[in-house]
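Next comes data.pdb, a file with PDB, C-alpha atoms.
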```pdb
ATOM      1  CA  MET G   1     111.083  77.996 118.351
ATOM      2  CA  ALA G   2     109.516  77.270 114.951
ATOM      3  CA  ARG G   3     107.389  80.406 115.128
ATOM      4  CA  PHE G   4     110.392  82.488 116.229
ATOM      5  CA  ARG G   5     112.322  81.277 113.183
ATOM      6  CA  ARG G   6     109.399  82.182 110.903
ATOM      7  CA  ILE G   7     109.216  85.644 112.452
ATOM      8  CA  VAL G   8     112.914  86.304 111.918
ATOM      9  CA  GLU G   9     112.873  84.783 108.411
ATOM     10  CA  ALA G  10     110.067  87.166 107.440
ATOM     11  CA  TYR G  11     110.734  90.318 109.410
ATOM     12  CA  GLY G  12     114.461  90.195 110.030
ATOM     13  CA  ALA G  13     116.473  90.704 113.189
ATOM     14  CA  ALA G  14     115.117  94.012 114.463
ATOM     15  CA  PRO G  15     112.342  93.613 117.071
ATOM     16  CA  GLN G  16     110.642  96.852 115.987
ATOM     17  CA  ARG G  17     109.676  95.068 112.757
ATOM     18  CA  TRP G  18     108.322  91.941 114.478
ATOM     19  CA  PRO G  19     104.547  91.561 114.849
ATOM     20  CA  LYS G  20     103.529  93.745 117.757
ATOM     21  CA  ALA G  21     101.425  91.059 119.416
ATOM     22  CA  GLU G  22     104.330  88.596 119.446
ATOM     23  CA  ARG G  23     107.199  90.923 120.204
ATOM     24  CA  ALA G  24     107.335  90.472 123.971
ATOM     25  CA  TRP G  25     107.145  86.698 123.669
ATOM     26  CA  ALA G  26     109.868  86.624 120.992
ATOM     27  CA  LEU G  27     112.177  88.843 123.055
ATOM     28  CA  SER G  28     111.653  86.622 126.059
ATOM     29  CA  LEU G  29     112.531  83.534 124.022
ATOM     30  CA  LEU G  30     115.574  85.313 122.604
ATOM     31  CA  GLU G  31     116.855  86.030 126.063
ATOM     32  CA  GLY G  32     116.727  82.389 127.064
ATOM     33  CA  SER G  33     117.845  80.626 123.880
ATOM     34  CA  ALA G  34     121.316  80.597 122.361
ATOM     35  CA  GLU G  35     119.857  78.946 119.250
ATOM     36  CA  ALA G  36     117.420  81.833 118.827
ATOM     37  CA  ARG G  37     120.208  84.376 119.261
ATOM     38  CA  ALA G  38     122.378  82.660 116.654
ATOM     39  CA  PHE G  39     119.505  82.535 114.190
ATOM     40  CA  ARG G  40     118.781  86.193 114.753
ATOM     41  CA  GLU G  41     122.441  87.104 114.147
ATOM     42  CA  GLN G  42     122.318  85.502 110.707
ATOM     43  CA  ALA G  43     119.284  87.619 109.824
ATOM     44  CA  ALA G  44     121.030  90.727 111.144
ATOM     45  CA  ALA G  45     123.708  90.392 108.461
ATOM     46  CA  LEU G  46     121.106  90.722 105.704
ATOM     47  CA  ASP G  47     119.412  93.579 107.565
ATOM     48  CA  ALA G  48     122.720  95.442 107.632
ATOM     49  CA  LEU G  49     123.079  95.055 103.876
ATOM     50  CA  LEU G  50     119.521  96.183 103.230
ATOM     51  CA  ASP G  51     120.052  99.219 105.430
ATOM     52  CA  ARG G  52     122.843 100.326 103.088
ATOM     53  CA  ALA G  53     120.268 100.837 100.333
ATOM     54  CA  GLN G  54     119.214 104.361 101.157
ATOM     55  CA  ALA G  55     116.208 105.996  99.609
ATOM     56  CA  THR G  56     116.602 109.482  98.208
ATOM     57  CA  GLU G  57     114.702 112.453  99.578
ATOM     58  CA  PRO G  58     111.858 114.047  97.628
ATOM     59  CA  SER G  59     112.891 117.033  95.536
ATOM     60  CA  PRO G  60     111.960 120.546  96.744
ATOM     61  CA  GLU G  61     110.056 121.019  93.498
ATOM     62  CA  LEU G  62     107.851 118.027  94.307
ATOM     63  CA  ILE G  63     107.127 119.368  97.782
ATOM     64  CA  ALA G  64     106.254 122.792  96.375
ATOM     65  CA  ASP G  65     103.952 121.325  93.707
ATOM     66  CA  ILE G  66     102.069 119.218  96.251
ATOM     67  CA  LEU G  67     101.598 122.114  98.666
ATOM     68  CA  ALA G  68     100.539 124.431  95.847
ATOM     69  CA  ALA G  69      97.877 121.912  94.830
ATOM     70  CA  ALA G  70      96.485 122.001  98.370
ATOM     71  CA  SER G  71      95.646 125.708  98.069
ATOM     72  CA  PRO G  72      92.288 125.268  96.258
ATOM     73  CA  SER G  73      91.103 123.872  99.586
ATOM     74  CA  ALA G  74      92.048 127.219 101.102
ATOM     75  CA  TRP G  75      90.127 129.080  98.393
ATOM     76  CA  ARG G  76      87.031 127.014  99.117
ATOM     77  CA  SER G  77      87.363 127.733 102.818
ATOM     78  CA  TRP G  78      87.677 131.466 102.239
ATOM     79  CA  GLY G  79      84.476 131.312 100.183
ATOM     80  CA  SER G  80      82.673 129.567 103.016
ATOM     81  CA  LEU G  81      83.893 132.255 105.421
ATOM     82  CA  LEU G  82      82.443 134.990 103.222
ATOM     83  CA  TRP G  83      79.117 133.230 102.631
ATOM     84  CA  PRO G  84      78.405 130.517 105.242
ATOM     85  CA  PHE G  85      74.744 130.163 104.368
ATOM     86  CA  GLY G  86      75.048 127.745 101.495
ATOM     87  CA  PRO G  87      76.542 127.423  98.053
ATOM     88  CA  LEU G  88      78.633 130.411  97.143
ATOM     89  CA  TRP G  89      77.222 130.474  93.613
ATOM     90  CA  GLN G  90      73.945 131.983  94.857
ATOM     91  CA  PRO G  91      75.138 135.379  96.038
ATOM     92  CA  VAL G  92      77.821 135.449  93.337
ATOM     93  CA  THR G  93      75.207 134.883  90.634
ATOM     94  CA  GLY G  94      72.946 137.512  92.137
ATOM     95  CA  LEU G  95      75.705 140.094  92.215
ATOM     96  CA  ALA G  96      76.783 139.223  88.688
ATOM     97  CA  LEU G  97      73.251 139.650  87.381
ATOM     98  CA  ALA G  98      72.976 142.937  89.226
ATOM     99  CA  ALA G  99      76.185 144.112  87.628
ATOM    100  CA  VAL G 100      74.986 143.107  84.150
ATOM    101  CA  PHE G 101      71.673 144.906  84.614
ATOM    102  CA  GLY G 102      73.494 147.911  85.945
ATOM    103  CA  ILE G 103      75.755 148.103  82.956
ATOM    104  CA  MET G 104      72.837 147.634  80.560
ATOM    105  CA  LEU G 105      70.670 150.280  82.256
ATOM    106  CA  GLY G 106      73.537 152.624  82.683
ATOM    107  CA  ALA G 107      74.354 152.328  79.002
ATOM    108  CA  ALA G 108      70.700 152.845  78.091
ATOM    109  CA  PHE G 109      70.146 155.759  80.481
ATOM    110  CA  PRO G 110      73.526 157.318  81.157
ATOM    111  CA  GLY G 111      73.537 159.513  84.209
ATOM    112  CA  ALA G 112      69.955 158.611  85.097
ATOM    113  CA  MET G 113      70.966 157.045  88.397
ATOM    114  CA  GLU G 114      73.945 156.851  90.668
ATOM    115  CA  THR G 115      75.542 153.419  90.430
ATOM    116  CA  ALA G 116      74.905 152.505  94.021
ATOM    117  CA  GLU G 117      71.256 153.435  93.725
ATOM    118  CA  LEU G 118      71.016 151.439  90.500
ATOM    119  CA  VAL G 119      72.490 148.349  92.068
ATOM    120  CA  ALA G 120      70.179 148.680  95.063
ATOM    121  CA  GLU G 121      67.205 149.100  92.723
ATOM    122  CA  ILE G 122      68.104 145.951  90.789
ATOM    123  CA  ASP G 123      68.840 144.013  93.958
ATOM    124  CA  SER G 124      65.391 144.773  95.297
ATOM    125  CA  LEU G 125      63.854 143.651  92.012
ATOM    126  CA  ILE G 126      65.773 140.366  91.926
ATOM    127  CA  LEU G 127      65.837 139.513  95.617
ATOM    128  CA  GLY G 128      62.492 140.969  96.614
TER     129      GLY G 128
ATOM    130  CA  MET Y 129     103.281 106.257 110.495
ATOM    131  CA  THR Y 130     101.734 108.972 112.589
ATOM    132  CA  GLY Y 131      98.243 109.447 113.931
ATOM    133  CA  ASP Y 132      95.342 107.239 114.804
ATOM    134  CA  VAL Y 133      92.059 107.153 112.935
ATOM    135  CA  GLN Y 134      90.349 109.851 115.003
ATOM    136  CA  SER Y 135      93.235 112.308 115.160
ATOM    137  CA  ASP Y 136      93.793 111.840 111.440
ATOM    138  CA  ALA Y 137      90.132 112.656 110.823
ATOM    139  CA  VAL Y 138      90.584 115.912 112.731
ATOM    140  CA  LEU Y 139      93.678 116.668 110.686
ATOM    141  CA  MET Y 140      91.753 116.121 107.460
ATOM    142  CA  GLN Y 141      89.051 118.506 108.664
ATOM    143  CA  ARG Y 142      91.764 121.112 109.041
ATOM    144  CA  VAL Y 143      92.986 120.363 105.509
ATOM    145  CA  ALA Y 144      89.431 120.747 104.174
ATOM    146  CA  ALA Y 145      89.178 124.071 105.992
ATOM    147  CA  GLY Y 146      92.288 125.320 104.200
ATOM    148  CA  ASP Y 147      94.742 124.973 107.057
ATOM    149  CA  ASN Y 148      98.075 125.158 105.241
ATOM    150  CA  ARG Y 149      99.940 124.085 108.350
ATOM    151  CA  ALA Y 150      97.976 120.811 108.359
ATOM    152  CA  CYS Y 151      98.923 120.263 104.704
ATOM    153  CA  ARG Y 152     102.588 120.925 105.399
ATOM    154  CA  ASP Y 153     102.541 118.550 108.367
ATOM    155  CA  LEU Y 154     101.066 115.777 106.235
ATOM    156  CA  VAL Y 155     103.638 116.282 103.492
ATOM    157  CA  ALA Y 156     106.445 116.285 106.044
ATOM    158  CA  ALA Y 157     105.140 113.110 107.683
ATOM    159  CA  HIS Y 158     104.418 111.010 104.621
ATOM    160  CA  LEU Y 159     105.937 112.245 101.350
ATOM    161  CA  ALA Y 160     109.453 110.858 101.746
ATOM    162  CA  ARG Y 161     108.121 107.428 102.635
ATOM    163  CA  LEU Y 162     105.726 107.438  99.692
ATOM    164  CA  VAL Y 163     108.554 108.339  97.310
ATOM    165  CA  ALA Y 164     110.699 105.615  98.858
ATOM    166  CA  LEU Y 165     107.986 102.965  98.507
ATOM    167  CA  ALA Y 166     107.141 103.944  94.938
ATOM    168  CA  GLY Y 167     110.835 104.147  94.096
ATOM    169  CA  ARG Y 168     111.432 100.584  95.234
ATOM    170  CA  MET Y 169     108.369  99.339  93.411
ATOM    171  CA  LEU Y 170     109.085 101.149  90.140
ATOM    172  CA  GLY Y 171     112.878 101.520  90.138
ATOM    173  CA  ASP Y 172     112.517 105.020  88.736
ATOM    174  CA  ARG Y 173     112.791 108.178  90.802
ATOM    175  CA  ALA Y 174     110.838 110.424  88.435
ATOM    176  CA  ALA Y 175     107.990 107.932  88.244
ATOM    177  CA  ALA Y 176     108.091 107.530  92.027
ATOM    178  CA  GLU Y 177     107.686 111.281  92.495
ATOM    179  CA  ASP Y 178     104.794 111.308  90.004
ATOM    180  CA  VAL Y 179     103.053 108.580  91.982
ATOM    181  CA  ALA Y 180     103.634 110.340  95.304
ATOM    182  CA  GLN Y 181     102.334 113.595  93.859
ATOM    183  CA  GLU Y 182      99.186 111.935  92.499
ATOM    184  CA  ALA Y 183      98.572 110.243  95.857
ATOM    185  CA  PHE Y 184      98.673 113.599  97.645
ATOM    186  CA  PHE Y 185      96.512 115.266  94.983
ATOM    187  CA  ARG Y 186      93.899 112.589  95.623
ATOM    188  CA  LEU Y 187      94.203 113.155  99.365
ATOM    189  CA  TRP Y 188      93.540 116.885  98.955
ATOM    190  CA  ARG Y 189      90.472 116.123  96.822
ATOM    191  CA  GLN Y 190      89.270 113.673  99.443
ATOM    192  CA  ALA Y 191      89.656 116.103 102.341
ATOM    193  CA  GLY Y 192      86.076 117.362 102.339
ATOM    194  CA  ARG Y 193      84.696 113.801 102.297
ATOM    195  CA  TRP Y 194      87.171 112.150 104.644
ATOM    196  CA  GLN Y 195      85.639 109.638 107.036
ATOM    197  CA  ALA Y 196      87.203 108.439 110.284
ATOM    198  CA  LYS Y 197      87.730 104.909 109.015
ATOM    199  CA  ALA Y 198      91.380 104.834 108.008
ATOM    200  CA  ARG Y 199      94.693 106.309 108.949
ATOM    201  CA  ILE Y 200      96.012 108.835 106.476
ATOM    202  CA  GLY Y 201      99.341 107.037 106.143
ATOM    203  CA  THR Y 202      97.700 103.713 105.348
ATOM    204  CA  TRP Y 203      95.407 105.406 102.843
ATOM    205  CA  LEU Y 204      98.303 107.145 101.118
ATOM    206  CA  TYR Y 205     100.381 103.988 100.990
ATOM    207  CA  ARG Y 206      97.441 102.071  99.564
ATOM    208  CA  VAL Y 207      96.864 104.658  96.832
ATOM    209  CA  ALA Y 208     100.575 104.820  95.983
ATOM    210  CA  HIS Y 209     100.796 101.035  95.905
ATOM    211  CA  ASN Y 210      97.826 100.764  93.547
ATOM    212  CA  LEU Y 211      99.165 103.537  91.294
ATOM    213  CA  CYS Y 212     102.469 101.698  91.068
ATOM    214  CA  ILE Y 213     100.697  98.447  90.213
ATOM    215  CA  ASP Y 214      98.792 100.246  87.449
ATOM    216  CA  ARG Y 215     102.038 101.600  86.004
ATOM    217  CA  LEU Y 216     103.796  98.259  86.172
ATOM    218  CA  ARG Y 217     100.813  96.552  84.559
ATOM    219  CA  ALA Y 218     100.696  99.163  81.781
ATOM    220  CA  GLN Y 219     104.395  98.593  81.145
ATOM    221  CA  GLY Y 220     103.904  94.829  81.036
ATOM    222  CA  LYS Y 221     106.221  94.426  83.986
ATOM    223  CA  LEU Y 222     103.712  92.752  86.254
ATOM    224  CA  SER Y 223     103.500  88.996  86.340
ATOM    225  CA  ASP Y 224     101.162  86.842  88.349
ATOM    226  CA  ARG Y 225     103.839  84.190  88.367
ATOM    227  CA  GLU Y 226     105.944  83.901  91.461
ATOM    228  CA  VAL Y 227     108.836  82.511  89.416
ATOM    229  CA  PRO Y 228     111.659  84.891  90.162
ATOM    230  CA  ASP Y 229     113.132  86.835  87.311
ATOM    231  CA  ARG Y 230     116.838  86.961  86.726
ATOM    232  CA  PRO Y 231     118.220  90.013  88.480
ATOM    233  CA  ASP Y 232     119.271  92.781  86.181
ATOM    234  CA  PRO Y 233     123.034  93.028  86.704
ATOM    235  CA  ALA Y 234     123.062  96.669  85.651
ATOM    236  CA  PRO Y 235     121.882  99.012  88.363
ATOM    237  CA  GLY Y 236     118.834 101.005  87.261
ATOM    238  CA  PRO Y 237     118.704 104.791  87.355
ATOM    239  CA  PHE Y 238     117.509 104.717  90.937
ATOM    240  CA  ALA Y 239     120.473 102.598  92.082
ATOM    241  CA  ALA Y 240     122.849 104.636  89.961
ATOM    242  CA  ARG Y 241     122.298 107.635  92.209
ATOM    243  CA  HIS Y 242     123.874 106.001  95.208
ATOM    244  CA  GLN Y 243     127.492 106.768  95.782
ATOM    245  CA  SER Y 244     128.077 103.566  97.711
ATOM    246  CA  GLN Y 245     128.775 100.509  95.569
ATOM    247  CA  VAL Y 246     127.264  98.366  98.296
ATOM    248  CA  ALA Y 247     124.035 100.337  98.131
ATOM    249  CA  ALA Y 248     123.979  99.984  94.357
ATOM    250  CA  ARG Y 249     124.416  96.211  94.536
ATOM    251  CA  VAL Y 250     121.714  95.873  97.158
ATOM    252  CA  GLU Y 251     119.368  98.061  95.123
ATOM    253  CA  ALA Y 252     120.028  95.952  92.052
ATOM    254  CA  ALA Y 253     119.223  92.781  94.016
ATOM    255  CA  LEU Y 254     116.015  94.367  95.304
ATOM    256  CA  ALA Y 255     115.056  95.434  91.807
ATOM    257  CA  GLY Y 256     115.452  91.832  90.679
ATOM    258  CA  LEU Y 257     112.850  90.524  93.087
ATOM    259  CA  PRO Y 258     109.316  89.762  91.943
ATOM    260  CA  GLU Y 259     107.163  92.855  92.486
ATOM    261  CA  ARG Y 260     105.132  91.546  95.435
ATOM    262  CA  GLN Y 261     108.203  90.428  97.356
ATOM    263  CA  ARG Y 262     109.867  93.770  96.645
ATOM    264  CA  THR Y 263     106.778  95.666  97.801
ATOM    265  CA  ALA Y 264     106.464  93.602 100.977
ATOM    266  CA  LEU Y 265     110.091  94.294 101.860
ATOM    267  CA  ALA Y 266     109.743  97.982 100.987
ATOM    268  CA  LEU Y 267     106.807  98.334 103.359
ATOM    269  CA  VAL Y 268     107.997  96.187 106.254
ATOM    270  CA  HIS Y 269     111.773  96.563 106.217
ATOM    271  CA  PHE Y 270     112.323 100.039 104.798
ATOM    272  CA  GLU Y 271     109.173 101.852 105.875
ATOM    273  CA  GLU Y 272     108.704  99.766 109.056
ATOM    274  CA  VAL Y 273     104.982  99.479 108.468
ATOM    275  CA  GLY Y 274     103.310  97.006 110.841
ATOM    276  CA  ASN Y 275     102.412  93.594 109.431
ATOM    277  CA  SER Y 276      98.621  94.111 109.590
ATOM    278  CA  GLU Y 277      98.905  97.479 107.911
ATOM    279  CA  ALA Y 278     101.275  96.216 105.223
ATOM    280  CA  ALA Y 279      98.952  93.297 104.505
ATOM    281  CA  GLU Y 280      96.016  95.696 104.217
ATOM    282  CA  ILE Y 281      97.936  97.963 101.840
ATOM    283  CA  MET Y 282      98.847  95.029  99.612
ATOM    284  CA  GLY Y 283      95.421  93.442  99.861
ATOM    285  CA  VAL Y 284      96.759  90.145 101.221
ATOM    286  CA  SER Y 285      96.554  88.206 104.467
ATOM    287  CA  VAL Y 286      99.263  88.517 107.102
ATOM    288  CA  GLU Y 287     100.237  84.927 106.365
ATOM    289  CA  ALA Y 288     100.676  85.744 102.681
ATOM    290  CA  LEU Y 289     102.700  88.820 103.610
ATOM    291  CA  GLU Y 290     105.045  86.738 105.770
ATOM    292  CA  SER Y 291     105.471  84.270 102.934
ATOM    293  CA  LEU Y 292     106.389  87.077 100.544
ATOM    294  CA  LEU Y 293     108.847  88.521 103.036
ATOM    295  CA  SER Y 294     110.497  85.175 103.734
ATOM    296  CA  ARG Y 295     110.888  84.351 100.063
ATOM    297  CA  GLY Y 296     112.174  87.838  99.291
ATOM    298  CA  ARG Y 297     114.760  87.719 102.052
ATOM    299  CA  ARG Y 298     115.833  84.210 101.037
ATOM    300  CA  ARG Y 299     116.292  85.349  97.453
ATOM    301  CA  LEU Y 300     118.300  88.384  98.519
ATOM    302  CA  ARG Y 301     120.609  86.249 100.660
ATOM    303  CA  GLN Y 302     121.250  84.031  97.632
ATOM    304  CA  ASP Y 303     121.761  86.952  95.225
ATOM    305  CA  LEU Y 304     124.076  88.814  97.554
ATOM    306  CA  ALA Y 305     125.933  85.769  98.865
ATOM    307  CA  GLY Y 306     128.240  85.690  95.864
ATOM    308  CA  GLU Y 307     129.353  89.229  96.639
ATOM    309  CA  ARG Y 308     129.368  88.836 100.402
ATOM    310  CA  ASP Y 309     133.139  89.010 100.744
ATOM    311  CA  ASP Y 310     133.273  92.254  98.814
ATOM    312  CA  LEU Y 311     130.307  93.623 100.666
ATOM    313  CA  VAL Y 312     131.621  92.636 104.086
ATOM    314  CA  GLY Y 313     134.936  94.245 103.231
ATOM    315  CA  GLU Y 314     133.156  97.467 102.307
ATOM    316  CA  ILE Y 315     130.969  97.351 105.393
TER     317      ILE Y 315
END
```

For this file, write the structure as structure tokens.
Amino acid sequence: MARFRRIVEAYGAAPQRWPKAERAWALSLLEGSAEARAFREQAAALDALLDRAQATEPSPELIADILAAASPSAWRSWGSLLWPFGPLWQPVTGLALAAVFGIMLGAAFPGAMETAELVAEIDSLILG
Amino acid sequence: MTGDVQSDAVLMQRVAAGDNRACRDLVAAHLARLVALAGRMLGDRAAAEDVAQEAFFRLWRQAGRWQAKARIGTWLYRVAHNLCIDRLRAQGKLSDREVPDRPDPAPGPFAARHQSQVAARVEAALAGLPERQRTALALVHFEEVGNSEAAEIMGVSVEALESLLSRGRRRLRQDLAGERDDLVGEI
């Protein structure tokens, strides 16, 4: 009975809040003890008061902000879909360098090469 | 709280892979309870939402490194709890003493939102509890977190948790006893 009283003093009257491992035992004792039932009723009065204190729901703005912050994960996953062989910076850097060379060569020798040919030429120089 | 350790690990893999549905499911499952816990600990809705937001931001950042060692709900609660403690400590509102403070008779902004006078009085009594008792009650009574999980979140033993709960409930009975007639009439 002492342990039952400690359970109810701590966790209140509702069995779903009682320690899981002791719940069946406590319910069994409750069934057979008028003293236990009376003690539990006293705790139920406080539970009823506490249940009147309702928490407010999160604002829609908060929900939107949190979900928006999750999207960088999606961006990273799209990158890994495009280039699954390793860090995305490798092909991105290669393409960027190719573009820079292309612009420089194209400015130096306008019309000398078609752009696609120029990019292919630079790619073969950089990537081997 | 939903999920076991393994199923939560699978869910976090989906988050890391950019599965927006997984993110929405996690927000739906845990955000309201995080806001509620932080709200009871801090007594300030705006601050509670900030804490809940930061907890989820940290979860998203953790997604790619998540290990199957903890349930997501427990992890989120633990982060929110610690963020609240940091805020309370920074505001000088945290005391290691277990001497109860006098309850603030004026309902705080959180309590002021409730239309029910009963709810406001109960919220005021809760706000007057020492932080650890208030947190224990928030986790076990309001969020119905299991005792082992609540103890883990608070970094205490189950025995210490039960002591906090008992003392908190005893204090609330005393604080609300003087208004019981009014409260019973309203109930």

*asked:* I need the chain Y residues near chain G as a PyMOL selection string; criterion: at most 8 Å, counting all atoms listed in the file.
replied: chain Y and resi 143-148+151-152+155+159-160+163-164+167+177+181+184-185+188+242+246-248+250-251+268-270+272-275+290-295+297-298+301

Just-selected residues, C-alpha atoms written as a PDB file, keeping the file's coordinate frame:
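This went into part.pdb:
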```pdb
ATOM      1  CA  VAL Y 143      92.986 120.363 105.509  1.00  0.00           C
ATOM      2  CA  ALA Y 144      89.431 120.747 104.174  1.00  0.00           C
ATOM      3  CA  ALA Y 145      89.178 124.071 105.992  1.00  0.00           C
ATOM      4  CA  GLY Y 146      92.288 125.320 104.200  1.00  0.00           C
ATOM      5  CA  ASP Y 147      94.742 124.973 107.057  1.00  0.00           C
ATOM      6  CA  ASN Y 148      98.075 125.158 105.241  1.00  0.00           C
ATOM      7  CA  CYS Y 151      98.923 120.263 104.704  1.00  0.00           C
ATOM      8  CA  ARG Y 152     102.588 120.925 105.399  1.00  0.00           C
ATOM      9  CA  VAL Y 155     103.638 116.282 103.492  1.00  0.00           C
ATOM     10  CA  LEU Y 159     105.937 112.245 101.350  1.00  0.00           C
ATOM     11  CA  ALA Y 160     109.453 110.858 101.746  1.00  0.00           C
ATOM     12  CA  VAL Y 163     108.554 108.339  97.310  1.00  0.00           C
ATOM     13  CA  ALA Y 164     110.699 105.615  98.858  1.00  0.00           C
ATOM     14  CA  GLY Y 167     110.835 104.147  94.096  1.00  0.00           C
ATOM     15  CA  GLU Y 177     107.686 111.281  92.495  1.00  0.00           C
ATOM     16  CA  GLN Y 181     102.334 113.595  93.859  1.00  0.00           C
ATOM     17  CA  PHE Y 184      98.673 113.599  97.645  1.00  0.00           C
ATOM     18  CA  PHE Y 185      96.512 115.266  94.983  1.00  0.00           C
ATOM     19  CA  TRP Y 188      93.540 116.885  98.955  1.00  0.00           C
ATOM     20  CA  HIS Y 242     123.874 106.001  95.208  1.00  0.00           C
ATOM     21  CA  VAL Y 246     127.264  98.366  98.296  1.00  0.00           C
ATOM     22  CA  ALA Y 247     124.035 100.337  98.131  1.00  0.00           C
ATOM     23  CA  ALA Y 248     123.979  99.984  94.357  1.00  0.00           C
ATOM     24  CA  VAL Y 250     121.714  95.873  97.158  1.00  0.00           C
ATOM     25  CA  GLU Y 251     119.368  98.061  95.123  1.00  0.00           C
ATOM     26  CA  VAL Y 268     107.997  96.187 106.254  1.00  0.00           C
ATOM     27  CA  HIS Y 269     111.773  96.563 106.217  1.00  0.00           C
ATOM     28  CA  PHE Y 270     112.323 100.039 104.798  1.00  0.00           C
ATOM     29  CA  GLU Y 272     108.704  99.766 109.056  1.00  0.00           C
ATOM     30  CA  VAL Y 273     104.982  99.479 108.468  1.00  0.00           C
ATOM     31  CA  GLY Y 274     103.310  97.006 110.841  1.00  0.00           C
ATOM     32  CA  ASN Y 275     102.412  93.594 109.431  1.00  0.00           C
ATOM     33  CA  GLU Y 290     105.045  86.738 105.770  1.00  0.00           C
ATOM     34  CA  SER Y 291     105.471  84.270 102.934  1.00  0.00           C
ATOM     35  CA  LEU Y 292     106.389  87.077 100.544  1.00  0.00           C
ATOM     36  CA  LEU Y 293     108.847  88.521 103.036  1.00  0.00           C
ATOM     37  CA  SER Y 294     110.497  85.175 103.734  1.00  0.00           C
ATOM     38  CA  ARG Y 295     110.888  84.351 100.063  1.00  0.00           C
ATOM     39  CA  ARG Y 297     114.760  87.719 102.052  1.00  0.00           C
ATOM     40  CA  ARG Y 298     115.833  84.210 101.037  1.00  0.00           C
ATOM     41  CA  ARG Y 301     120.609  86.249 100.660  1.00  0.00           C
TER      42      ARG Y 301
END
```

_Please enumerate the residues selected by the PyMOL selection byres ((chain G and resi 33-39) around 8) when evaluated against the supplied file, formatted as a VMD selection string._
chain G and resid 1 4 to 5 8 29 to 32 40 to 43

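Every protein or nucleic acid residue with an atom no more than 9 Å from Val207 in chain Y, counting all atoms listed in the file and leaving out same-chain residues fewer than 5 positions away, appears here: Val179, Ala180, Glu182, Ala183, Arg186, Thr202, Cys212 and Ile281 of chain Y.
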
_Straight-line distance linking CA of Leu222 in chain Y with CA of Ala198 in chain Y, stated in Å to one decimal_ =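 So the answer is 27.8 Å.
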
*Point out the residue among Y:Asp172, Y:Asp136, Y:Glu259, Y:Asp153 with the least atom-to-atom distance to Gln195 in chain Y, counting all atoms listed in the file.*
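Smallest separation from Gln195 in chain Y among the options: Y:Asp136.
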
*What gap, in Å, lies between CA of Met140 in chain Y and CA of Arg189 in chain Y?*
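If I compute the distance from CA of Met140 in chain Y to CA of Arg189 in chain Y, I get 10.7 Å.
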
*Find the distance between CA of Ser28 in chain G and CA of Asp132 in chain Y and write it in Å to one decimal.*
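Separation between CA of Ser28 in chain G and CA of Asp132 in chain Y: 28.6 Å.
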